[in-house]
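With compact mmCIF, C-alpha atoms and all ligand atoms inside, this is query-v1.txt:
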```txt
# COMPACT_ATOMS: atom_id res chain seq x y z
CA MET K 214 65.90 77.21 35.96
CA ASP K 215 65.10 76.42 39.56
CA GLY K 216 66.49 73.19 40.99
CA LYS K 217 64.30 70.09 41.21
CA CYS K 218 64.54 69.62 44.99
CA SER K 219 61.70 70.85 47.15
CA GLN K 220 64.11 71.82 49.94
CA PRO K 221 65.02 75.50 49.61
CA SER K 222 68.60 74.95 50.73
CA CYS K 223 69.34 72.11 48.33
CA PHE K 224 70.53 72.44 44.73
CA PRO K 225 71.26 68.81 43.83
CA GLU K 226 72.09 69.51 40.19
CA ASP K 227 75.01 71.63 41.37
CA THR K 228 76.20 70.04 44.56
CA GLY K 229 74.59 66.65 44.90
CA CYS K 230 71.91 65.82 47.42
CA ASN K 231 72.57 68.21 50.27
CA VAL K 232 69.79 67.24 52.66
CA GLU K 233 69.39 63.47 52.51
CA GLY K 234 72.75 62.63 50.98
CA CYS K 235 71.20 60.34 48.34
CA THR K 236 73.59 59.10 45.67
CA ASN K 237 70.74 58.49 43.29
CA LEU K 238 68.75 61.73 43.17
CA THR K 239 65.53 60.06 42.10
CA ASP K 240 65.56 58.04 45.36
CA CYS K 241 65.30 61.21 47.39
CA LYS K 242 61.94 61.99 48.92
CA TYR K 243 62.42 65.70 48.21
CA TYR K 244 63.61 65.39 44.62
CA GLY K 245 61.31 66.20 41.72
CA LYS K 246 58.80 68.13 43.80
CA THR K 247 57.03 71.09 42.29
CA GLU K 248 58.02 74.74 42.54
CA SER K 249 55.02 75.41 44.77
CA SER K 250 56.13 72.74 47.25
CA LYS K 251 59.57 74.29 47.29
CA LYS K 252 58.05 77.64 48.17
CA GLU K 253 55.87 76.03 50.82
CA ASN K 254 58.83 74.25 52.38
CA LYS K 255 60.82 77.43 52.36
CA LYS K 256 58.41 78.95 54.82
CA THR K 257 59.15 76.28 57.39
CA ALA K 258 62.76 75.56 56.57
CA ASP K 259 64.02 79.13 56.37
CA GLY K 260 66.98 79.43 58.64
CA GLU K 261 67.63 75.72 58.76
CA GLY K 262 69.43 75.29 55.47
CA TYR K 263 73.01 75.56 54.43
CA ARG K 264 74.55 74.44 51.18
CA ILE K 265 78.02 74.11 49.85
CA SER K 266 78.83 77.19 47.81
CA TRP K 267 81.98 76.52 45.85
CA THR K 268 80.22 75.46 42.68
CA GLY K 269 81.42 78.56 40.85
CA ASN K 270 77.85 79.36 39.80
CA ALA K 271 76.16 82.65 40.58
CA PHE K 272 75.31 82.91 44.27
CA GLY K 273 71.87 83.01 45.79
CA LEU K 274 71.07 84.54 49.13
CA ILE K 275 71.89 81.34 51.03
CA ASP K 276 75.40 81.33 49.57
CA LEU K 277 76.09 84.82 50.85
CA ASN K 278 76.52 83.29 54.26
CA PHE K 279 79.57 81.45 53.04
CA LEU K 280 81.18 84.57 51.70
CA THR K 281 80.30 87.00 54.44
CA ALA K 282 81.41 84.72 57.29
CA SER K 283 84.93 86.13 57.30
CA PHE K 284 84.69 89.57 55.73
CA LYS K 285 82.29 92.14 54.43
CA PRO K 286 82.11 92.46 50.66
CA ILE K 287 80.80 95.60 49.00
CA LEU K 288 77.38 94.85 47.54
CA ILE K 289 76.68 96.72 44.33
CA GLY K 290 73.08 96.92 43.15
CA ILE K 291 72.78 96.85 39.36
CA THR K 292 69.38 98.43 38.85
CA GLY K 293 67.16 99.48 35.98
CA VAL K 294 64.29 98.25 33.87
CA ALA K 295 64.36 95.11 31.74
CA ASN K 296 66.65 95.23 28.69
CA ALA K 297 68.52 98.31 29.90
CA GLY K 298 71.86 96.53 29.35
CA LYS K 299 72.64 95.46 32.92
CA THR K 300 73.76 91.89 32.25
CA THR K 301 75.74 93.00 29.20
CA PHE K 302 77.49 95.61 31.35
CA LEU K 303 78.48 92.92 33.88
CA ALA K 304 79.63 90.59 31.12
CA SER K 305 81.71 93.40 29.60
CA LEU K 306 83.22 94.18 33.00
CA TYR K 307 84.30 90.59 33.40
CA CYS K 308 85.75 90.44 29.86
CA LEU K 309 87.73 93.62 30.54
CA LEU K 310 89.17 92.19 33.74
CA ARG K 311 89.92 88.94 31.96
CA HIS K 312 92.02 90.97 29.53
CA GLY K 313 94.00 92.58 32.33
CA GLY K 314 91.82 95.70 32.78
CA LYS K 315 92.07 97.42 36.15
CA ILE K 316 89.50 98.93 38.43
CA GLY K 317 91.44 101.94 39.73
CA ASP K 318 94.48 100.42 41.43
CA TYR K 319 92.85 97.04 41.68
CA SER K 320 93.27 93.99 39.45
CA PHE K 321 91.32 90.77 39.28
CA ALA K 322 92.36 88.39 42.07
CA GLY K 323 89.73 85.68 41.86
CA SER K 324 86.03 84.93 42.01
CA LEU K 325 83.85 82.41 43.78
CA THR K 326 81.37 82.62 40.92
CA LEU K 327 83.59 82.08 37.89
CA ASN K 328 81.01 79.88 36.18
CA GLY K 329 78.41 82.57 36.71
CA TRP K 330 80.65 85.17 35.05
CA GLU K 331 81.61 82.83 32.23
CA ASP K 332 77.94 82.03 31.62
CA ILE K 333 77.15 85.65 30.82
CA ALA K 334 80.51 86.59 29.28
CA TRP K 335 80.46 83.67 26.87
CA TYR K 336 77.99 85.56 24.69
CA LEU K 337 80.36 88.49 24.25
CA SER K 338 83.41 86.37 23.58
CA TRP K 339 84.74 86.16 20.07
CA LYS K 340 82.61 84.09 17.73
CA SER K 341 83.83 82.70 14.44
CA ASN K 342 81.48 84.94 12.44
CA GLY K 343 82.93 87.98 14.26
CA GLU K 344 79.51 89.13 15.51
CA ILE K 345 78.68 90.18 19.03
CA GLN K 346 76.03 88.11 20.71
CA PHE K 347 74.26 89.35 23.81
CA PRO K 348 73.61 87.46 27.05
CA GLU K 349 70.24 85.82 27.41
CA HIS K 350 67.47 87.79 29.02
CA THR K 351 67.60 87.47 32.82
CA THR K 352 64.16 86.05 33.53
CA SER K 353 62.25 86.63 36.74
CA ASN K 354 62.08 82.89 37.30
CA SER K 355 65.71 81.95 36.67
CA GLY K 356 67.20 79.97 39.54
CA ARG K 357 68.80 81.38 42.65
CA VAL K 358 67.76 84.96 42.12
CA PRO K 359 69.13 87.51 42.58
CA GLY K 360 72.09 86.05 40.68
CA LEU K 361 74.95 87.32 42.81
CA LEU K 362 78.34 87.55 41.15
CA HIS K 363 81.51 87.79 43.17
CA LEU K 364 84.84 89.44 42.39
CA ALA K 365 87.97 89.58 44.50
CA LEU K 366 90.35 92.42 43.65
CA LYS K 367 93.81 93.27 44.92
CA ASN K 368 96.00 96.35 44.55
CA LYS K 369 99.81 96.42 44.46
CA ASP K 370 99.98 96.90 48.25
CA GLY K 371 98.18 93.59 48.57
CA GLU K 372 94.99 95.23 49.83
CA LYS K 373 91.99 93.15 48.93
CA VAL K 374 88.44 94.14 48.23
CA ASP K 375 85.53 91.82 47.57
CA LEU K 376 82.60 92.89 45.49
CA ILE K 377 79.20 91.32 44.96
CA PHE K 378 77.06 92.40 42.02
CA THR K 379 73.37 91.68 41.73
CA ASP K 380 72.31 90.53 38.28
CA ALA K 381 68.58 90.72 38.82
CA PRO K 382 65.76 90.73 36.29
CA GLY K 383 64.68 94.23 35.29
CA GLU K 384 61.07 93.22 35.84
CA TRP K 385 61.75 93.27 39.56
CA PHE K 386 62.53 96.98 39.39
CA ASP K 387 59.45 97.63 37.29
CA TYR K 388 57.25 96.08 39.96
CA TRP K 389 59.21 97.70 42.77
CA SER K 390 59.01 101.19 41.29
CA ASN K 391 55.24 100.79 40.89
CA ASN K 392 54.54 99.25 44.26
CA VAL K 393 57.21 98.43 46.85
CA ASN K 394 54.94 95.99 48.59
CA SER K 395 54.13 93.93 45.53
CA GLU K 396 54.97 90.23 45.85
CA ASN K 397 57.12 90.50 42.71
CA ALA K 398 59.09 93.39 44.17
CA GLN K 399 60.64 91.39 47.02
CA GLY K 400 63.94 90.82 45.22
CA ALA K 401 64.38 94.48 44.32
CA LYS K 402 63.46 95.38 47.88
CA TRP K 403 66.22 93.09 49.17
CA ILE K 404 68.73 94.66 46.80
CA TYR K 405 67.71 98.12 47.94
CA GLU K 406 67.96 97.25 51.58
CA TYR K 407 71.37 95.62 51.53
CA CYS K 408 73.45 97.12 48.75
CA ASP K 409 76.21 99.57 49.59
CA GLY K 410 75.98 101.43 46.31
CA PHE K 411 73.92 101.40 43.13
CA LEU K 412 74.29 101.78 39.42
CA LEU K 413 71.09 102.85 37.70
CA PHE K 414 70.92 101.99 34.01
CA ALA K 415 69.59 104.59 31.59
CA ASP K 416 69.22 102.95 28.19
CA CYS K 417 70.31 105.35 25.40
CA ASP K 418 68.59 103.14 22.86
CA MET K 419 65.17 103.19 24.54
CA LEU K 420 65.49 106.85 25.57
CA SER K 421 66.09 107.92 21.97
CA GLY K 422 63.60 105.55 20.32
CA ASN K 423 59.92 105.75 19.45
CA ASN K 424 58.94 104.78 22.95
CA ARG K 425 61.17 107.36 24.64
CA GLY K 426 58.43 109.01 26.71
CA ASN K 427 57.62 105.73 28.34
CA ALA K 428 61.31 104.87 28.82
CA LYS K 429 61.94 108.20 30.52
CA ARG K 430 58.97 107.79 32.81
CA GLN K 431 60.07 104.29 33.83
CA LEU K 432 63.65 105.41 34.48
CA ILE K 433 62.55 108.33 36.61
CA GLN K 434 60.19 106.09 38.53
CA VAL K 435 63.03 103.68 39.46
CA ALA K 436 65.32 106.64 40.27
CA ASP K 437 62.72 108.17 42.58
CA ARG K 438 62.32 104.87 44.39
CA LEU K 439 66.09 104.52 44.79
CA LEU K 440 66.34 108.02 46.21
CA GLU K 441 63.68 107.45 48.86
CA ASP K 442 66.01 105.95 51.43
CA LEU K 443 69.47 106.25 49.90
CA ASP K 444 71.24 107.94 52.83
CA ASP K 445 75.01 108.04 52.25
CA ARG K 446 75.02 105.33 49.63
CA SER K 447 76.23 106.23 46.17
CA LEU K 448 74.11 106.32 43.04
CA GLY K 449 75.87 106.18 39.69
CA LEU K 450 73.82 106.84 36.57
CA VAL K 451 75.02 104.59 33.73
CA TRP K 452 74.17 105.79 30.22
CA SER K 453 74.18 102.29 28.81
CA LYS K 454 74.38 101.57 25.05
CA SER K 455 76.19 104.91 24.59
CA ASP K 456 77.18 103.76 21.11
CA ILE K 457 73.66 105.04 20.31
CA ASP K 458 73.28 108.83 20.38
CA LEU K 459 71.09 110.39 23.01
CA THR K 460 70.61 114.17 23.02
CA ASN K 461 72.18 116.20 25.80
CA ASP K 462 68.77 117.77 26.37
CA THR K 463 67.24 114.44 27.32
CA LYS K 464 70.21 113.61 29.54
CA GLU K 465 70.05 116.96 31.27
CA GLN K 466 66.32 116.64 31.94
CA ILE K 467 66.86 113.27 33.60
CA VAL K 468 69.88 114.41 35.63
CA LYS K 469 68.04 117.56 36.68
CA HIS K 470 65.17 115.46 37.94
CA ILE K 471 67.48 113.14 39.90
CA LYS K 472 69.42 116.03 41.39
CA SER K 473 66.28 117.76 42.54
CA THR K 474 66.37 115.33 45.48
CA PRO K 475 69.51 116.18 47.45
CA PHE K 476 71.78 113.21 48.19
CA LYS K 477 75.47 112.68 48.78
CA HIS K 478 77.24 110.77 46.02
CA PHE K 479 76.20 111.09 42.39
CA ASN K 480 78.14 110.47 39.19
CA GLN K 481 77.45 109.61 35.53
CA PHE K 482 79.16 107.11 33.23
CA GLU K 483 78.68 106.61 29.49
CA THR K 484 79.21 102.92 28.76
CA SER K 485 78.71 100.42 25.98
CA VAL K 486 79.67 96.97 24.87
CA GLN K 487 81.45 98.82 22.03
CA GLU K 488 84.73 100.26 23.24
CA GLY K 489 84.16 103.80 21.88
CA ASN K 490 86.85 106.37 21.01
CA ASN K 491 90.10 105.43 22.74
CA GLY K 492 88.21 102.82 24.67
CA ILE K 493 86.21 105.46 26.54
CA PHE K 494 83.05 103.40 27.04
CA HIS K 495 85.00 100.42 28.33
CA ASN K 496 87.10 102.61 30.62
CA ASN K 497 83.90 104.06 32.01
CA ILE K 498 82.69 100.57 32.95
CA LEU K 499 85.82 100.11 35.07
CA ARG K 500 85.65 103.69 36.40
CA SER K 501 82.08 103.30 37.57
CA ILE K 502 83.02 100.35 39.77
CA ASN K 503 86.08 102.12 41.12
CA TRP K 504 83.89 105.09 42.02
CA ILE K 505 81.49 102.87 43.97
CA ILE K 506 84.43 101.27 45.84
CA GLU K 507 85.82 104.70 46.73
CA LYS K 508 82.50 105.96 47.98
CA SER K 509 81.71 102.76 49.86
CA ASN K 510 85.01 102.58 51.72
CA GLY K 511 84.21 102.20 55.37
CA ASN K 512 80.62 103.08 54.62
CA TYR K 513 79.21 99.58 54.45
CA ASN K 514 75.56 98.87 54.85
CA THR K 515 74.47 96.32 57.45
CA LEU K 516 75.00 92.72 56.39
CA PRO K 517 71.94 90.65 55.57
CA ASN K 518 71.00 88.25 58.29
CA ILE K 519 71.35 84.82 56.70
CA SER K 520 70.64 81.99 59.07
CA VAL K 521 72.66 78.80 59.49
CA LEU K 522 71.34 75.52 60.83
CA LYS K 523 73.71 75.13 63.79
CA PRO K 524 76.38 77.80 63.70
CA GLU K 525 78.15 76.24 66.67
CA ASP K 526 78.61 72.92 64.88
CA MET K 527 80.37 73.13 61.55
CA PHE K 528 80.01 69.40 60.90
CA LEU K 529 76.30 69.16 61.43
CA SER K 530 75.59 72.28 59.47
CA LYS K 531 75.45 70.34 56.19
CA ARG K 532 72.51 68.25 57.28
CA LEU K 533 69.05 69.14 58.44
CA ILE K 534 68.45 67.49 61.79
CA ASN K 535 64.82 66.67 61.12
CA GLY K 536 65.32 66.23 57.36
N1 LIG K 601 73.70 98.98 20.94
C1 LIG K 601 73.84 98.34 22.09
N2 LIG K 601 72.94 97.42 22.47
C2 LIG K 601 73.11 96.79 23.66
C3 LIG K 601 74.20 97.07 24.52
N3 LIG K 601 74.08 96.31 25.64
C4 LIG K 601 72.95 95.60 25.49
N4 LIG K 601 72.35 95.87 24.29
C5 LIG K 601 71.07 95.32 23.79
O1 LIG K 601 70.13 95.32 24.85
C6 LIG K 601 69.61 93.99 25.06
C7 LIG K 601 69.36 93.75 26.52
O2 LIG K 601 70.59 93.72 27.23
P1 LIG K 601 70.71 92.98 28.65
O3 LIG K 601 72.11 93.17 29.08
O4 LIG K 601 70.17 91.60 28.58
O5 LIG K 601 69.72 93.91 29.51
P2 LIG K 601 69.19 93.67 31.01
O6 LIG K 601 67.80 93.14 30.90
O7 LIG K 601 69.19 95.04 31.63
O8 LIG K 601 70.13 92.73 31.69
C8 LIG K 601 70.67 93.09 24.45
O9 LIG K 601 70.12 91.86 24.08
C9 LIG K 601 71.17 93.89 23.28
O10 LIG K 601 70.30 93.74 22.19
C10 LIG K 601 75.17 98.05 24.08
O11 LIG K 601 76.16 98.38 24.74
N5 LIG K 601 74.93 98.66 22.86
MG MG K 602 69.73 90.93 32.65
```
Would you write out, as structure tokens, the structure that this file holds?
Ligand SMILES: Nc1nc2c(ncn2[C@@H]2O[C@H](COP(=O)(O)OP(=O)(O)O)[C@@H](O)[C@H]2O)c(=O)[nH]1
Ligand SMILES: [Mg+2]
Amino acid sequence: MDGKCSQPSCFPEDTGCNVEGCTNLTDCKYYGKTESSKKENKKTADGEGYRISWTGNAFGLIDLNFLTASFKPILIGITGVANAGKTTFLASLYCLLRHGGKIGDYSFAGSLTLNGWEDIAWYLSWKSNGEIQFPEHTTSNSGRVPGLLHLALKNKDGEKVDLIFTDAPGEWFDYWSNNVNSENAQGAKWIYEYCDGFLLFADCDMLSGNNRGNAKRQLIQVADRLLEDLDDRSLGLVWSKSDIDLTNDTKEQIVKHIKSTPFKHFNQFETSVQEGNNGIFHNNILRSINWIIEKSNGNYNTLPNISVLKPEDMFLSKRLING
């Protein structure tokens, strides 16, 4: 849920009152204002806000400033329609790393969004009845979208790489593939502009089900949009839910369509929350991320321009001058 403060840079439930410094939140003149007033204020306050980011929760765009101040992470766009298995893929990735899994030569070395990862991975963790539960649907109106999840990795030579994953609602990509200029497509547009590489989720369940024609059309629509301005960025096609059979014919038709637009880096990965034979589906989750890192090396997209109140004054930057 969105925070209850009308100031776009303040998330009092996470960090306390960031703008006025009120101990008692209900005393604050900005607290408890409506969502529409928050949006309205955002128009005027954009560029003036800065919040503390070490809450461990998923990042929002404002928090990126904190992370990107000293180095450039690789931004990985997790794209695809709603229910394609994106959040489950991210949760599985985190669980694999938590169990010592490696991404190529790299192992887990930390995260600034541990709470965010734990929030989604909790569902996959062992439950007393032994059943797998899935993460909650990522709604278009959940707070701080796109939910950005951070991972720091290190290899044995001590080389470090930082990754940011976007866990955005699939609805964004539906809107975006239909009309890039739609108001509801802004988030997907941001992801497309700034990510260094993309994973596009093709849902084996939907593509083999009763509604497969529609699923195929939607997938191809998002793929076409992604290909419009891809340049040298990589596009990995993730056959999610590969525990469910999908005919090679269907796969080939989709790949053929994607490849009919020439672009530089393409690969495919069959993944699932189930580990598959010899752990193949889980290995492919790790491999897909390693592939993006390899292809992104030194090929970073421009960093988003995220404004800070007074960059020259680190002490004042926590407070709005006219707040
Ligand atoms: N069989 C199977 N079902 C899955 C798998 N991953 C996700 N699902 C199902 O797909 C639903 C949507 O997954 P989710 O990760 O929330 O999709 P998102 O909207 O793309 O983030 C889940 O609630 C599960 O029912 C998988 O690997 N195998
Ligand atoms: Mg989701």
Counting all atoms listed in the file, the residue among K:Ser421, K:Asn510, K:Gln487, K:Ser320 that lies closest to ligand LIG 601 (chain K) is K:Gln487
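Considering all atoms listed in the file, the residue among K:Gly489, K:Arg446, K:Gly410, K:Leu420 positioned nearest to K:Thr463 is K:Leu420.
In this comparison, which uses only C-alpha atoms, the residue of K:Gly298, K:Asn328, K:Gly317, K:Ile467 approaching K:Gly426 most closely is K:Ile467.
Take the candidates K:Thr300, K:Asn391, K:Thr326, K:Asn496 and check each one against ligand LIG 601 (chain K) using all atoms listed in the file; the shortest distance goes to K:Thr300.
If you measure from each of K:Lys285, K:Phe414, K:Gln220, K:Cys235 to ligand MG 602 (chain K) using only C-alpha atoms and all ligand atoms, the closest one turns out to be K:Phe414.
By chain and then residue number, the residues within 12 Å of K:Lys373 are Phe284, Lys285, Pro286, Ile287, Asp318, Tyr319, Ser320, Phe321, Ala322, Gly323, Leu364, Ala365, Leu366, Lys367, Asn368, Lys369, Asp370, Gly371, Asp375, Leu376 and Ile506 of chain K, counting only C-alpha atoms and disregarding those fewer than 2 positions away in sequence.
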Nearest to ligand MG 602 (chain K) by atom-to-atom distance, counting only C-alpha atoms and all ligand atoms, from K:Trp389, K:Phe302, K:Tyr244, K:Trp504: K:Phe302
Would you mind listing the residues within 9 Å of ligand LIG 601 (chain K), counting only C-alpha atoms and all ligand atoms, as a VMD selection string? chain K and resid 291 to 305 346 to 352 380 to 384 414 416 to 418 453 to 457 484 to 488 494
Find the residues around K:Asn392 up to 12 Å (only C-alpha atoms counted), leave out those fewer than 4 positions away in its own chain, and share them as an MDAnalysis selection string. chainID K and resid 385:388 396:399 401:402 434:435 438
Writer output for current selection, C-alpha atoms, as an mmCIF file, keeping the file's coordinate frame:
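Listed below is the output, again-v9.cif:
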```cif
data_model
loop_
_atom_site.group_PDB
_atom_site.id
_atom_site.type_symbol
_atom_site.label_atom_id
_atom_site.label_comp_id
_atom_site.auth_asym_id
_atom_site.auth_seq_id
_atom_site.Cartn_x
_atom_site.Cartn_y
_atom_site.Cartn_z
ATOM 1 C CA TRP K 385 61.750 93.270 39.560
ATOM 2 C CA PHE K 386 62.530 96.980 39.390
ATOM 3 C CA ASP K 387 59.450 97.630 37.290
ATOM 4 C CA TYR K 388 57.250 96.080 39.960
ATOM 5 C CA GLU K 396 54.970 90.230 45.850
ATOM 6 C CA ASN K 397 57.120 90.500 42.710
ATOM 7 C CA ALA K 398 59.090 93.390 44.170
ATOM 8 C CA GLN K 399 60.640 91.390 47.020
ATOM 9 C CA ALA K 401 64.380 94.480 44.320
ATOM 10 C CA LYS K 402 63.460 95.380 47.880
ATOM 11 C CA GLN K 434 60.190 106.090 38.530
ATOM 12 C CA VAL K 435 63.030 103.680 39.460
ATOM 13 C CA ARG K 438 62.320 104.870 44.390
#
```
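Our summary of the geometry notes that atom CA of K:Trp403 is positioned 16.6 Å from atom CA of K:Leu448.
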Report the distance between atom CA of K:Asp445 and atom CA of K:Ile289 in Å, rounded to one decimal place. 13.9 Å
Counting only C-alpha atoms, note down every residue that has an atom within 7 Å of the point (80.2, 85.0, 45.0) (file coordinates), as a PyMOL selection string. chain K and resi 271-272+280+324-326+361-364+377
Do you have the atom CA of K:Asn497-atom CA of K:Ser390 distance handy? 26.7 Å
